[in-house]
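Only one structure is covered here, and it is reproduced in the block below.
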Amino acid sequence: MTTTSELRVITTKVPARLDRLPWSRFHWRIVIGLGTVWILDGLEVTIVGAVASRMTEPNSGIHLTSADIGTAAAIYVAGACVGALLFGRLTDRYGRKKLFMLTLGIYILATVATAFAHDAWYLYLARFFTGMGIGGEYAAINSAIDELIPARNRGQVDLAINGSYWIGAALGSLAALVLLDENLLPAGLGWRLAFGLGGILGLGIMMVRRHVPESPRWLFIHGHEDEAERIVDQIEAEVGRETGQDLPEPAEAVTVRQHYVIPFTEIARVALQRYPRRALLGLALFVGQAFLYNALVFDLGTLLSGFFGVGSSSVPYFLTIFAIANFLGPLLLGRLFDTVGRKPMIAGTYFGSAAVAVVLAVLLVNGSLTAWSFFLLVSLTFFVASAGASSAYLTVSEVFPMETRALSISLFFAVGTAVGGITGPLLFGHFIHSGHTTLVATGFFIGAAAMALGGLAEVVFGVKAEQQSLENIARPLTAEEADAAWRGERAPQDERGRLRPADVRQAARERDQRIADRTAGRRAREGTGARRYRPGAGAGSSFYSPGMAGTTGAASRTSAMAEQRLDEEIEELVRALEESGPATREGLEQAVHGRSWGPGRFAGALREAVEESRARHLPDDRYAPPGRPGKPGGASGAHRNRSA
């Protein structure tokens with residue numbers, strides 16, 4: 001390993017070589033091998049909620065109370081916090097692959113060990129290490145995914161991966177329906193097999209991960225540039241054989257200063273001294289969503305069983321609906337975070353979920369709720385809170401400098417979750433165990449207050465980050481030019497130390513202007529009329545689980561790069577149409593090798609080209625350059641603005 005004295009400034013094209021790769025089986029391996037951890041998290045959290053009530057029954061084979069279930073949930077969250085902090089630091093020091101294999105191994109062993117629990121202390125220990133594995137997974141795989149997926153696909157891939165949390169939640173609920181059916185399995189066996197499911201899924205993921213390489217970006221920044229070049233050579237050879245394409249020349253080289261890791265003390269110093277208001281905002285948002293989510297998700301099964309007489313075998317039905325409500329929240333509200341704006345939507349979702357929670361608590365005290373009316377109000381609370389929970393990660397990702405972004409999320413996740421995510425399950429577990437409806441209602445009042453404080457912090461300290469570049473929101477702490485200044489060196493201008501040619505600079509200015517116009521046009525289209533409210537996430541939003549440390553930064557960090565790649569794709573489409581004339585959609589996709597751009601990229605670029613009148617949509621799903629007539633019966637004005 002490189003020592004501190006050997007760290008130096010290097011120039012490399014490894015990032016550009018990775019970003020210009022066409023989509024291939026290699027990238028699917030990354031998605032399957034690394035991204036499926038969110039399914040594991042959703043499976044873990046939901047299975048605990050589904051089997052919790054069964055584990056408190058006399059014939060379960062383990063003697064637990066509802067308070068014990070809450071304690072186990074709090075210990076799981078504590079383990080996730082410890083794992084995120086510990087393995088996050090080790091990931092930066094020892095590499096992505098070593099840690100994402102180690103943390104998955106810890107998760108597999110711990111969740112299988114949970115299946116053999118015979119007493120409360122054993123369950124607590126197993127859940128702590130399970131949480132450590134999941135928390136460590138976030139730290140290791142988020143970095144690896146960011147660094148291996150091409151820039152043009154990164155945002156969309158992150159969106160799909162993050163949404164898979166609730167797929168795991170739904171799968172966990174459906175699996176519990178079978179495993180808790182006493183007609184099929186004894187009461188003391190089904191819940192044990194439920195925990196074993198996570199281990200089986202984890203083993204399958206580990207088999208795929210064996211073929212995922214170390215991140216070349218981590219290698220060259222830690223002094224192993226030769227190994228980074230070798231790995232990229234292998235990836236390029238594999239992708240070239242599969243696609244049969246000649247890879248384009250990589251873009252410009254990047255000059256970086258090699259380093260080990262930025263310590264948490266430096267992150268805390270930056271947050272408290274340079275951005276104290278943003279630090280308070282991040283903590284308030286994290287504590288609020290962590291308290292409400294972890295308190296209810298882990299204890300919902302015992303709450304339904306203990307106060308509304310829902311049988312343990314019926315709880316999974318409720319949790320499946322609960323998972324769907326959580327998925328639909330960010331799906332339907334996500335676009336508004338970019339069109340209506342960050343501050344009104346973040347504050348609105350926090351205040352909105354708090355208001356519904358207060359109504360629920362009041363009706364609970366009055367004894368006015370049935371099992372279904374209670375559950376519908378809980379689902380409505382979390383339909384709104386789910387989008388709010390996402391915004392906590394989104395906010396911390398956007399408002400702190402680039403160099404501290406990933407570890408900032410880990411730090412705020414750990415502190416916020418330690419305060420809210422541990423106390424929430426502990427309080428609710430003991431309130432439920434008391435058997436007093438008033439105490440349970442008090443728990444909802446506390447959760448509402450925590451969310452309301454988060455909303456108030458957004459009103460006072462919130463940042464209008466929508467449609468803003470990250471560098472405008474938070475200036476990077478250092479850049480190579482700044483480093484050169486204090487070292488008394490001449491700042492590098494390109495990989496040869498020469499000024500960039502005037503024509504290159506002019507082309508870059510034209511590209512930047514196109515991107516600015518495109519972004520403004522897109523925002524205007526999405527911010528008016530019915531489009532403003534259509535389902536789907538906007539440019540800067542995504543789906544997140546309450547435990548997803550570090551996920552939201554992925555799409556945001558690469559938004560500028562993704563816009564540049566979109567511009568390149570549109571230009572390629574326009575050139576192909578100008579050279580060949582009108583073409584079918586399939587013919588145009590083949591001419592530009594659109595399939596290798598990645599899932600949905602060709603359709604998105606073609607749609608954008610039509611929106612900008614850079615291409616025309618003709619009858620019979622054909623396309624032509626603007627102003628050029630098609631074959632007989634060519635395009636009419638009615639087709640000019642049709643979308644792809």
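Letters for chains follow the order of the structure tokens (A, B, ...), residue numbers begin at 1 for each chain, and ligand numbers begin at 1 in the order shown.
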List every residue of stretch 284-368 of chain A that has an atom at most 10 Å from any atom of stretch 447-455 of chain A, giving for each one its closest atom pair and the distance in Å to one decimal, counting only C-alpha atoms, sorted by chain and then by ascending residue number, as JSON lines.
{"residue": "A:Ala284", "atom": "CA", "partner": "A:Gly454", "partner_atom": "CA", "distance": 4.8}
{"residue": "A:Leu285", "atom": "CA", "partner": "A:Gly454", "partner_atom": "CA", "distance": 4.7}
{"residue": "A:Phe286", "atom": "CA", "partner": "A:Gly454", "partner_atom": "CA", "distance": 8.0}
{"residue": "A:Val287", "atom": "CA", "partner": "A:Ala450", "partner_atom": "CA", "distance": 7.1}
{"residue": "A:Gly288", "atom": "CA", "partner": "A:Ala450", "partner_atom": "CA", "distance": 4.5}
{"residue": "A:Gln289", "atom": "CA", "partner": "A:Met451", "partner_atom": "CA", "distance": 6.4}
{"residue": "A:Ala290", "atom": "CA", "partner": "A:Ala450", "partner_atom": "CA", "distance": 9.3}
{"residue": "A:Phe291", "atom": "CA", "partner": "A:Gly447", "partner_atom": "CA", "distance": 6.4}
{"residue": "A:Leu292", "atom": "CA", "partner": "A:Gly447", "partner_atom": "CA", "distance": 5.1}
{"residue": "A:Tyr293", "atom": "CA", "partner": "A:Gly447", "partner_atom": "CA", "distance": 8.9}
{"residue": "A:Ala295", "atom": "CA", "partner": "A:Gly447", "partner_atom": "CA", "distance": 8.4}
{"residue": "A:Leu296", "atom": "CA", "partner": "A:Gly447", "partner_atom": "CA", "distance": 9.5}
{"residue": "A:Lys343", "atom": "CA", "partner": "A:Gly455", "partner_atom": "CA", "distance": 9.1}
{"residue": "A:Pro344", "atom": "CA", "partner": "A:Gly455", "partner_atom": "CA", "distance": 9.4}
{"residue": "A:Met345", "atom": "CA", "partner": "A:Gly455", "partner_atom": "CA", "distance": 9.6}
{"residue": "A:Ile346", "atom": "CA", "partner": "A:Gly455", "partner_atom": "CA", "distance": 6.9}
{"residue": "A:Ala347", "atom": "CA", "partner": "A:Gly455", "partner_atom": "CA", "distance": 4.2}
{"residue": "A:Gly348", "atom": "CA", "partner": "A:Gly455", "partner_atom": "CA", "distance": 7.1}
{"residue": "A:Thr349", "atom": "CA", "partner": "A:Gly455", "partner_atom": "CA", "distance": 7.7}
{"residue": "A:Tyr350", "atom": "CA", "partner": "A:Gly455", "partner_atom": "CA", "distance": 5.0}
{"residue": "A:Phe351", "atom": "CA", "partner": "A:Ala452", "partner_atom": "CA", "distance": 5.2}
{"residue": "A:Gly352", "atom": "CA", "partner": "A:Ala452", "partner_atom": "CA", "distance": 8.6}
{"residue": "A:Ser353", "atom": "CA", "partner": "A:Ala448", "partner_atom": "CA", "distance": 7.3}
{"residue": "A:Ala354", "atom": "CA", "partner": "A:Ala448", "partner_atom": "CA", "distance": 4.1}
{"residue": "A:Ala355", "atom": "CA", "partner": "A:Ala448", "partner_atom": "CA", "distance": 7.0}
{"residue": "A:Val356", "atom": "CA", "partner": "A:Ala448", "partner_atom": "CA", "distance": 8.3}
{"residue": "A:Ala357", "atom": "CA", "partner": "A:Ala448", "partner_atom": "CA", "distance": 5.7}
{"residue": "A:Val358", "atom": "CA", "partner": "A:Ala448", "partner_atom": "CA", "distance": 6.3}
{"residue": "A:Val359", "atom": "CA", "partner": "A:Ala448", "partner_atom": "CA", "distance": 9.8}
{"residue": "A:Ala361", "atom": "CA", "partner": "A:Ala448", "partner_atom": "CA", "distance": 9.4}
Open item on the list: Ranking A:Phe412, A:Phe308, A:Glu458, A:Leu319 by minimum distance to A:Ser373 and counting only C-alpha atoms, which one comes first?
Closed with: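 Checking each candidate against A:Ser373, we get A:Phe308 as the closest.
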- [ ] Could you tell me which of A:Val378, A:Ala74, A:Ala520, A:Leu104 comes closest to A:Phe428 if we count only C-alpha atoms?
- [x] A:Ala74
- [ ] Give me every helix (DSSP H, G or I) residue in stretch 13-96 of chain A, going by DSSP on the backbone, as number ranges by chain.
- [x] A: 14-19, 25-35, 37-55, 58-60, 66-94, 96
Using only C-alpha atoms, which protein or nucleic acid residues come within 9 Å of stretch 188-198 of chain A? Drop anything in the same chain fewer than 3 positions from it, and give the result as an mmCIF file with C-alpha atoms, in the first residue's frame.
data_model
loop_
_atom_site.group_PDB
_atom_site.id
_atom_site.type_symbol
_atom_site.label_atom_id
_atom_site.label_comp_id
_atom_site.auth_asym_id
_atom_site.auth_seq_id
_atom_site.Cartn_x
_atom_site.Cartn_y
_atom_site.Cartn_z
ATOM 1 C CA LEU A 40 -31.859 -7.718 1.341
ATOM 2 C CA LEU A 43 -36.449 -8.356 3.161
ATOM 3 C CA GLU A 44 -34.776 -8.105 6.574
ATOM 4 C CA ILE A 47 -39.572 -10.194 7.744
ATOM 5 C CA VAL A 48 -38.911 -8.948 11.272
ATOM 6 C CA ALA A 50 -44.044 -9.953 9.736
ATOM 7 C CA VAL A 51 -42.773 -12.622 12.131
ATOM 8 C CA ALA A 52 -42.532 -10.424 15.237
ATOM 9 C CA ARG A 54 -45.413 -15.000 15.955
ATOM 10 C CA MET A 55 -42.203 -14.827 18.017
ATOM 11 C CA ASN A 59 -45.643 -22.043 20.901
ATOM 12 C CA SER A 60 -42.979 -20.112 18.934
ATOM 13 C CA GLY A 61 -40.004 -21.859 20.519
ATOM 14 C CA ILE A 62 -38.577 -18.615 21.905
ATOM 15 C CA TYR A 107 -24.761 -10.445 6.944
ATOM 16 C CA ILE A 108 -25.199 -14.048 5.744
ATOM 17 C CA THR A 111 -29.069 -13.668 9.600
ATOM 18 C CA VAL A 112 -28.709 -17.461 9.473
ATOM 19 C CA ALA A 113 -27.636 -17.375 13.122
ATOM 20 C CA THR A 114 -30.858 -15.494 13.908
ATOM 21 C CA ALA A 115 -32.843 -18.505 12.731
ATOM 22 C CA PHE A 116 -31.377 -20.489 15.647
ATOM 23 C CA ALA A 117 -32.292 -17.929 18.317
ATOM 24 C CA GLY A 172 -40.580 -10.584 2.596
ATOM 25 C CA ALA A 175 -42.857 -15.170 1.823
ATOM 26 C CA ALA A 176 -44.040 -14.768 5.403
ATOM 27 C CA VAL A 178 -46.384 -19.130 3.470
ATOM 28 C CA LEU A 179 -43.842 -19.516 6.249
ATOM 29 C CA LEU A 180 -46.293 -18.471 8.979
ATOM 30 C CA ASP A 181 -49.099 -20.722 7.751
ATOM 31 C CA GLU A 182 -49.450 -23.314 10.522
ATOM 32 C CA LEU A 184 -47.878 -25.916 6.233
ATOM 33 C CA LEU A 185 -45.228 -25.421 8.922
ATOM 34 C CA LEU A 201 -30.426 -14.875 -1.166
ATOM 35 C CA GLY A 202 -27.137 -13.533 0.174
ATOM 36 C CA LEU A 203 -25.258 -16.648 -0.963
#
Open item on the list: For A:Ile32, find every residue with an atom within 12 Å (counting only C-alpha atoms), except residues of its own chain fewer than 2 positions away, and show them as a PyMOL selection string.
Closed with: chain A and resi 25-30+34-39+141+145+157+160-161+164+201-202+204-212
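Atom pair atom CA of A:Ala170 / atom CA of A:Ser410: separated by 26.4 Å.
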TODO: Do a neighbour search on A:Ser66 at 12 Å with only C-alpha atoms, toss out local chain neighbours closer than 4 positions, and write the hits as a count of residues only.
DONE: 34
Open item on the list: Measuring between only C-alpha atoms, which one of A:Tyr165, A:Phe461, A:Phe327, A:Trp372 shows the shortest distance to A:Gly309?
Closed with: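 Among the listed residues, A:Trp372 lies closest to A:Gly309.
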Task: Residue nearest A:Ala237 among A:Gly443, A:Ser24, A:Glu589, A:Arg93 (counting only C-alpha atoms) - done: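 Ranked by minimum distance to A:Ala237, first place goes to A:Ser24.
With only C-alpha atoms as the atoms that count, the residue of A:Phe375, A:Pro316, A:Thr437, A:Ala279 with the shortest distance to A:Gly462 is A:Ala279.
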Open item on the list: What's the separation between atom CA of A:Gly587 and atom CA of A:Leu566, in Å to one decimal place?
Closed with: 19.7 Å
- [ ] Work out how far atom CA of A:Leu328 is from atom CA of A:Leu171, in Å to one decimal.
- [x]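 So the answer is 16.1 Å.
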TODO: Would you please work out which residue, of A:Thr243, A:Thr320, A:Thr417, A:Ser408, is nearest to A:Gly79 when using only C-alpha atoms?
DONE: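 The answer is A:Thr417, which sits nearest to A:Gly79.
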Close residues, stretch 600-607 of chain A itself excluded, 7 Å, only C-alpha atoms, min 2 positions apart in chain, as a compact mmCIF listing (two decimals) with all heavy atoms, in the first residue's frame:
# COMPACT_ATOMS: atom_id res chain seq x y z
N LEU A 566 -26.03 12.80 -22.54
CA LEU A 566 -27.28 12.95 -23.28
C LEU A 566 -27.08 13.87 -24.48
O LEU A 566 -27.59 13.59 -25.58
CB LEU A 566 -28.36 13.51 -22.35
CG LEU A 566 -29.71 13.84 -23.02
CD1 LEU A 566 -30.33 12.59 -23.63
CD2 LEU A 566 -30.67 14.47 -22.01
N GLU A 569 -25.41 11.94 -27.19
CA GLU A 569 -26.32 10.99 -27.84
C GLU A 569 -27.26 11.70 -28.81
O GLU A 569 -27.53 11.21 -29.91
CB GLU A 569 -27.11 10.24 -26.76
CG GLU A 569 -26.24 9.30 -25.94
CD GLU A 569 -26.86 8.91 -24.63
OE1 GLU A 569 -27.98 9.37 -24.32
OE2 GLU A 569 -26.22 8.15 -23.88
N ILE A 570 -27.78 12.86 -28.39
CA ILE A 570 -28.67 13.62 -29.28
C ILE A 570 -27.91 14.06 -30.53
O ILE A 570 -28.43 13.95 -31.66
CB ILE A 570 -29.26 14.84 -28.53
CG1 ILE A 570 -30.20 14.36 -27.43
CG2 ILE A 570 -29.99 15.76 -29.50
CD1 ILE A 570 -30.69 15.47 -26.52
N GLY A 594 -27.68 2.13 -30.54
CA GLY A 594 -28.43 2.63 -29.40
C GLY A 594 -28.59 1.63 -28.27
O GLY A 594 -28.69 2.00 -27.11
N TRP A 597 -26.14 1.88 -25.45
CA TRP A 597 -26.15 3.05 -24.60
C TRP A 597 -26.65 2.73 -23.20
O TRP A 597 -26.40 3.47 -22.26
CB TRP A 597 -27.03 4.15 -25.19
CG TRP A 597 -26.48 4.72 -26.46
CD1 TRP A 597 -25.31 4.41 -27.08
CD2 TRP A 597 -27.10 5.71 -27.29
NE1 TRP A 597 -25.15 5.13 -28.23
CE2 TRP A 597 -26.24 5.95 -28.40
CE3 TRP A 597 -28.30 6.41 -27.23
CZ2 TRP A 597 -26.54 6.85 -29.41
CZ3 TRP A 597 -28.61 7.32 -28.23
CH2 TRP A 597 -27.73 7.54 -29.31
N GLY A 598 -27.40 1.63 -23.08
CA GLY A 598 -27.94 1.26 -21.78
C GLY A 598 -29.45 1.34 -21.77
O GLY A 598 -30.08 1.90 -22.68
N ALA A 609 -34.67 14.82 -28.61
CA ALA A 609 -34.40 15.41 -29.92
C ALA A 609 -35.68 15.89 -30.59
O ALA A 609 -35.70 16.96 -31.22
CB ALA A 609 -33.68 14.38 -30.81
N VAL A 610 -36.76 15.12 -30.44
CA VAL A 610 -38.05 15.53 -31.02
C VAL A 610 -38.60 16.74 -30.27
O VAL A 610 -39.11 17.69 -30.88
CB VAL A 610 -39.04 14.35 -30.99
CG1 VAL A 610 -40.43 14.82 -31.42
CG2 VAL A 610 -38.56 13.23 -31.90
N GLU A 611 -38.50 16.74 -28.92
CA GLU A 611 -38.98 17.87 -28.13
C GLU A 611 -38.28 19.16 -28.53
O GLU A 611 -38.87 20.24 -28.53
CB GLU A 611 -38.74 17.60 -26.64
CG GLU A 611 -39.63 16.52 -26.03
CD GLU A 611 -41.00 17.05 -25.66
OE1 GLU A 611 -41.29 18.22 -25.97
OE2 GLU A 611 -41.77 16.29 -25.06
N SER A 643 -44.01 13.02 -29.31
CA SER A 643 -42.88 12.49 -28.53
C SER A 643 -42.49 11.14 -29.05
O SER A 643 -43.26 10.46 -29.73
CB SER A 643 -43.25 12.38 -27.05
OG SER A 643 -44.20 11.37 -26.87
N ALA A 644 -41.22 10.78 -28.72
CA ALA A 644 -40.72 9.48 -29.15
C ALA A 644 -41.32 8.39 -28.29
O ALA A 644 -41.08 7.25 -28.49
CB ALA A 644 -39.20 9.44 -29.05
